[in-house]
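S.K.: Got a file for you: coords35.cif, mmCIF, C-alpha atoms.
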data_structure
loop_
_atom_site.label_atom_id
_atom_site.label_comp_id
_atom_site.auth_asym_id
_atom_site.auth_seq_id
_atom_site.Cartn_x
_atom_site.Cartn_y
_atom_site.Cartn_z
CA ALA A 462 -13.02 7.29 11.96
CA ILE A 463 -12.52 9.58 8.99
CA LEU A 464 -11.61 6.82 6.53
CA LYS A 465 -11.86 3.07 6.52
CA ILE A 466 -8.95 1.51 4.69
CA PRO A 467 -9.80 -1.94 3.29
CA ILE A 468 -6.63 -3.83 4.15
CA THR A 469 -7.49 -7.42 4.94
CA VAL A 470 -5.27 -8.89 7.59
CA GLU A 471 -5.59 -12.60 8.26
CA GLN A 472 -3.60 -14.25 11.01
CA GLY A 473 -3.21 -17.97 11.68
CA ASN A 474 -6.25 -17.96 13.94
CA GLY A 475 -8.51 -16.85 11.07
CA ALA A 476 -9.12 -13.39 12.52
CA LYS A 477 -9.94 -10.72 9.95
CA TRP A 478 -10.10 -6.98 10.39
CA PHE A 479 -9.66 -3.70 8.62
CA TRP A 480 -8.19 -0.43 9.75
CA ALA A 481 -9.85 2.91 10.29
CA LEU A 482 -7.82 6.10 10.25
CA SER A 483 -9.10 8.46 12.93
CA SER A 484 -9.14 12.24 12.62
CA SER A 485 -6.17 12.34 15.03
CA GLY A 486 -4.16 10.16 12.63
CA ASN A 487 -4.33 7.01 14.76
CA LEU A 488 -5.03 3.58 13.31
CA ASP A 489 -7.89 1.70 14.96
CA ARG A 490 -8.74 -1.93 14.23
CA GLU A 491 -12.40 -2.54 13.43
CA GLU A 492 -14.52 -5.55 12.57
CA PHE A 493 -14.21 -6.90 9.07
CA ASP A 494 -17.31 -7.25 6.92
CA CYS A 495 -16.40 -10.05 4.50
CA GLY A 496 -19.02 -9.07 1.94
CA HIS A 497 -18.17 -5.37 1.93
CA PHE A 498 -14.48 -5.58 1.11
CA ALA A 499 -14.32 -8.87 -0.77
CA ARG A 500 -11.55 -8.97 -3.36
CA GLN A 501 -11.56 -10.98 -6.54
CA ASN A 502 -7.96 -12.15 -6.19
CA ARG A 503 -6.37 -14.05 -3.36
CA TRP A 504 -3.25 -12.59 -1.78
CA GLU A 505 -0.13 -14.54 -2.69
CA PRO A 506 2.87 -14.55 -0.34
CA PRO A 507 6.32 -13.52 -1.54
CA LEU A 508 9.17 -15.99 -1.79
CA ALA A 509 11.50 -15.95 1.22
CA PRO A 510 13.39 -13.78 2.11
CA TRP A 511 11.37 -11.17 0.21
CA ILE A 512 8.75 -8.95 1.84
CA LYS A 513 5.49 -7.99 0.13
CA ILE A 514 4.05 -4.53 0.74
CA ASN A 515 0.49 -3.90 -0.43
CA VAL A 516 -0.49 -0.25 -0.77
CA ASP A 517 -3.76 1.51 -1.51
CA ALA A 518 -5.38 4.91 -1.31
CA VAL A 519 -8.92 6.02 -0.54
CA VAL A 520 -10.33 9.27 -1.88
CA ARG A 521 -13.57 10.77 -0.64
CA ALA A 522 -15.03 14.21 -1.27
CA LYS A 523 -13.05 15.91 1.49
CA GLU A 524 -10.86 13.10 2.82
CA THR A 525 -7.95 11.18 1.37
CA ALA A 526 -5.70 8.59 2.96
CA GLY A 527 -3.34 5.80 2.09
CA ALA A 528 -2.06 2.69 3.77
CA ALA A 529 0.68 0.11 3.42
CA VAL A 530 0.87 -3.36 4.98
CA ALA A 531 4.01 -5.50 4.86
CA ARG A 532 3.96 -9.29 5.15
CA ASP A 533 6.48 -12.09 5.01
CA GLU A 534 6.35 -15.42 3.15
CA HIS A 535 3.99 -16.83 5.81
CA GLY A 536 1.53 -13.97 5.49
CA MET A 537 2.50 -12.60 8.91
CA VAL A 538 2.01 -8.87 9.19
CA LEU A 539 5.39 -7.28 9.82
CA ALA A 540 4.32 -3.65 9.75
CA LEU A 541 1.34 -1.48 8.92
CA THR A 542 1.11 2.25 8.39
CA ALA A 543 -1.51 4.72 7.22
CA ALA A 544 -1.66 8.46 6.78
CA PRO A 545 -4.10 11.15 5.69
CA PHE A 546 -3.07 12.93 2.48
CA PRO A 547 -3.72 16.51 1.40
CA HIS A 548 -4.16 15.35 -2.22
CA PRO A 549 -7.78 15.38 -3.42
CA GLU A 550 -6.91 13.70 -6.73
CA LEU A 551 -6.79 9.92 -7.02
CA VAL A 552 -3.52 9.76 -8.96
CA MET A 553 -1.75 11.88 -6.34
CA ALA A 554 -3.21 9.84 -3.49
CA GLU A 555 -2.20 6.55 -5.13
CA THR A 556 1.33 7.91 -5.72
CA ALA A 557 1.56 9.08 -2.11
CA ALA A 558 0.41 5.62 -0.95
CA MET A 559 3.20 4.02 -2.95
CA LEU A 560 5.68 6.44 -1.35
CA LEU A 561 4.28 5.39 2.04
CA GLY A 562 5.12 1.77 1.18
CA LEU A 563 8.67 2.67 0.17
CA GLN A 564 9.14 4.67 3.35
CA LEU A 565 7.91 1.68 5.37
CA ALA A 566 10.55 -0.51 3.69
CA GLN A 567 13.21 2.10 4.40
CA ASP A 568 12.14 2.43 8.05
CA TYR A 569 12.55 -1.32 8.56
CA ALA A 570 15.70 -1.56 6.39
CA TRP A 571 14.18 -4.18 4.07
CA SER A 572 16.34 -4.49 0.99
CA SER A 573 14.29 -6.97 -1.08
CA PHE A 574 10.58 -6.42 -1.43
CA VAL A 575 7.63 -6.27 -3.79
CA ILE A 576 5.17 -3.40 -3.78
CA GLU A 577 1.73 -4.32 -5.09
CA PHE A 578 -1.16 -2.03 -5.78
CA ASP A 579 -4.13 -1.59 -8.06
CA CYS A 580 -3.13 1.52 -10.03
CA LEU A 581 -1.85 0.17 -13.36
CA ASN A 582 -0.98 3.62 -14.70
CA LEU A 583 1.42 4.30 -11.81
CA VAL A 584 2.96 0.83 -12.03
CA ASN A 585 3.62 1.58 -15.71
CA CYS A 586 5.05 5.01 -14.83
CA TRP A 587 7.41 3.45 -12.31
CA ASN A 588 8.50 0.76 -14.76
CA GLY A 589 9.05 3.32 -17.54
CA SER A 590 6.27 2.30 -19.91
CA ALA A 591 4.02 5.34 -19.32
CA ASP A 592 4.42 9.06 -18.85
CA VAL A 593 4.30 10.38 -15.31
CA PRO A 594 1.26 12.60 -14.65
CA TRP A 595 2.57 16.10 -13.97
CA SER A 596 0.50 16.40 -10.79
CA ALA A 597 2.31 13.42 -9.23
CA ALA A 598 5.79 13.95 -10.68
CA HIS A 599 7.22 15.43 -7.48
CA ILE A 600 6.01 12.48 -5.40
CA LEU A 601 7.38 10.01 -7.93
CA GLN A 602 10.73 11.82 -7.76
CA CYS A 603 10.76 11.33 -3.97
CA MET A 604 10.28 7.61 -4.61
CA ARG A 605 13.11 7.57 -7.16
CA ASP A 606 15.35 9.23 -4.56
CA LEU A 607 14.67 6.30 -2.18
CA GLU A 608 15.27 3.61 -4.81
CA PRO A 609 19.10 3.38 -4.43
CA SER A 610 18.71 2.35 -0.78
CA PHE A 611 17.08 -0.96 -1.85
CA SER A 612 18.83 -3.98 -3.36
CA ASN A 613 15.78 -5.56 -4.98
CA LEU A 614 12.54 -3.71 -5.63
CA ILE A 615 9.66 -4.90 -7.78
CA VAL A 616 6.54 -2.80 -8.34
CA SER A 617 3.61 -4.81 -9.66
CA PHE A 618 -0.05 -4.35 -10.51
CA VAL A 619 -2.73 -6.46 -8.84
CA PRO A 620 -6.29 -5.91 -10.04
CA ARG A 621 -8.88 -5.30 -7.41
#
Hey, can you dump this file as structure tokens for me?
M.R.:
Amino acid sequence: AILKIPITVEQGNGAKWFWALSSSGNLDREEFDCGHFARQNRWEPPLAPWIKINVDAVVRAKETAGAAVARDEHGMVLALTAAPFPHPELVMAETAAMLLGLQLAQDYAWSSFVIEFDCLNLVNCWNGSADVPWSAAHILQCMRDLEPSFSNLIVSFVPR
């Protein structure tokens, strides 16, 4: 695996795993080390009929990837996607991960959803309370182009 993406997925049976993005671009499920990827905050489900999409990016010296996982009000995983990115900078990778989440919502024709991620600066850029970094402006514009296809979209910050 080129990158391990710490997306916790818990099903009703208590199973936990994380995803590894292989060099061929495939997602492989691997064992979850509870201590290694422990988060401070507990995931909260969206109100029905909304969908919650959590996105994140991972940047290493030569490797960058992002992932998005969508869940319903019961915490059931509805869809999961990940992709390698050619962007070596964190802000570009985080922006591309958010775009990945929006594309996931578009692919499944979800009209009401929340996107959560841990990049406060980009949440503020999206919500209009911060300037868009020039390096990520073109990716943010792609996201703005998708926005009219959704009825209800909330972008929110969740600390890691």
S.K.: Would you kindly translate the PyMOL selection byres ((chain A and resi 563) around 12) into the concrete residues it picks from this file, as number ranges by chain?
M.R.: A: 512-516, 528-531, 542, 556-562, 564-577, 600-601, 603-611, 614-616
S.K.: Generate a file of the selected residues that holds C-alpha atoms, formatted as a PDB file, in the coordinates of the input.
M.R.:
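Printed below is result.pdb as written:
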ATOM      1  CA  ILE A 512       8.750  -8.950   1.840  1.00  0.00           C
ATOM      2  CA  LYS A 513       5.490  -7.990   0.130  1.00  0.00           C
ATOM      3  CA  ILE A 514       4.050  -4.530   0.740  1.00  0.00           C
ATOM      4  CA  ASN A 515       0.490  -3.900  -0.430  1.00  0.00           C
ATOM      5  CA  VAL A 516      -0.490  -0.250  -0.770  1.00  0.00           C
ATOM      6  CA  ALA A 528      -2.060   2.690   3.770  1.00  0.00           C
ATOM      7  CA  ALA A 529       0.680   0.110   3.420  1.00  0.00           C
ATOM      8  CA  VAL A 530       0.870  -3.360   4.980  1.00  0.00           C
ATOM      9  CA  ALA A 531       4.010  -5.500   4.860  1.00  0.00           C
ATOM     10  CA  THR A 542       1.110   2.250   8.390  1.00  0.00           C
ATOM     11  CA  THR A 556       1.330   7.910  -5.720  1.00  0.00           C
ATOM     12  CA  ALA A 557       1.560   9.080  -2.110  1.00  0.00           C
ATOM     13  CA  ALA A 558       0.410   5.620  -0.950  1.00  0.00           C
ATOM     14  CA  MET A 559       3.200   4.020  -2.950  1.00  0.00           C
ATOM     15  CA  LEU A 560       5.680   6.440  -1.350  1.00  0.00           C
ATOM     16  CA  LEU A 561       4.280   5.390   2.040  1.00  0.00           C
ATOM     17  CA  GLY A 562       5.120   1.770   1.180  1.00  0.00           C
ATOM     18  CA  GLN A 564       9.140   4.670   3.350  1.00  0.00           C
ATOM     19  CA  LEU A 565       7.910   1.680   5.370  1.00  0.00           C
ATOM     20  CA  ALA A 566      10.550  -0.510   3.690  1.00  0.00           C
ATOM     21  CA  GLN A 567      13.210   2.100   4.400  1.00  0.00           C
ATOM     22  CA  ASP A 568      12.140   2.430   8.050  1.00  0.00           C
ATOM     23  CA  TYR A 569      12.550  -1.320   8.560  1.00  0.00           C
ATOM     24  CA  ALA A 570      15.700  -1.560   6.390  1.00  0.00           C
ATOM     25  CA  TRP A 571      14.180  -4.180   4.070  1.00  0.00           C
ATOM     26  CA  SER A 572      16.340  -4.490   0.990  1.00  0.00           C
ATOM     27  CA  SER A 573      14.290  -6.970  -1.080  1.00  0.00           C
ATOM     28  CA  PHE A 574      10.580  -6.420  -1.430  1.00  0.00           C
ATOM     29  CA  VAL A 575       7.630  -6.270  -3.790  1.00  0.00           C
ATOM     30  CA  ILE A 576       5.170  -3.400  -3.780  1.00  0.00           C
ATOM     31  CA  GLU A 577       1.730  -4.320  -5.090  1.00  0.00           C
ATOM     32  CA  ILE A 600       6.010  12.480  -5.400  1.00  0.00           C
ATOM     33  CA  LEU A 601       7.380  10.010  -7.930  1.00  0.00           C
ATOM     34  CA  CYS A 603      10.760  11.330  -3.970  1.00  0.00           C
ATOM     35  CA  MET A 604      10.280   7.610  -4.610  1.00  0.00           C
ATOM     36  CA  ARG A 605      13.110   7.570  -7.160  1.00  0.00           C
ATOM     37  CA  ASP A 606      15.350   9.230  -4.560  1.00  0.00           C
ATOM     38  CA  LEU A 607      14.670   6.300  -2.180  1.00  0.00           C
ATOM     39  CA  GLU A 608      15.270   3.610  -4.810  1.00  0.00           C
ATOM     40  CA  PRO A 609      19.100   3.380  -4.430  1.00  0.00           C
ATOM     41  CA  SER A 610      18.710   2.350  -0.780  1.00  0.00           C
ATOM     42  CA  PHE A 611      17.080  -0.960  -1.850  1.00  0.00           C
ATOM     43  CA  LEU A 614      12.540  -3.710  -5.630  1.00  0.00           C
ATOM     44  CA  ILE A 615       9.660  -4.900  -7.780  1.00  0.00           C
ATOM     45  CA  VAL A 616       6.540  -2.800  -8.340  1.00  0.00           C
TER      46      VAL A 616
END
S.K.: Find the residues near Pro594 (chain A): any atom within 10 Å, counting only C-alpha atoms, skip ones fewer than 2 places away on the same chain, and give them as a VMD selection string.
M.R.: chain A and resid 552 to 553 582 to 583 586 591 to 592 596 to 599 601
S.K.: Quick one, how far is CA of Arg532 (chain A) from CA of Ser612 (chain A)?
M.R.: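 Those two atoms sit 17.9 Å apart.
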S.K.: Measure the distance from CA of Ala509 (chain A) to CA of Asn588 (chain A) in Å and round it to one decimal.
M.R.: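 Going from CA of Ala509 (chain A) over to CA of Asn588 (chain A) covers 23.3 Å.
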S.K.: Counting only C-alpha atoms, which of A:Glu534, A:Arg503, A:Ala554, A:Leu541 gets nearest to Ala518 (chain A)?
M.R.: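 When distances to Ala518 (chain A) are compared using only C-alpha atoms, the smallest one comes from A:Ala554.
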S.K.: Give as a ChimeraX atom specification the residues that the PyMOL selection byres ((chain A and resi 520-522) around 8) matches when applied to the coordinates above.
M.R.: /A:518-519,523-526,549-551,554
S.K.: Rounded to one decimal place, report the CA of Phe546 (chain A)-CA of Gln602 (chain A) distance in Å.
M.R.: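 So the answer is 17.2 Å.
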S.K.: Out of A:Ala544, A:Leu508, A:Val538, A:Val584, which residue has the shortest atom-to-atom distance to Pro620 (chain A) when counting all atoms listed in the file?
M.R.: A:Val584
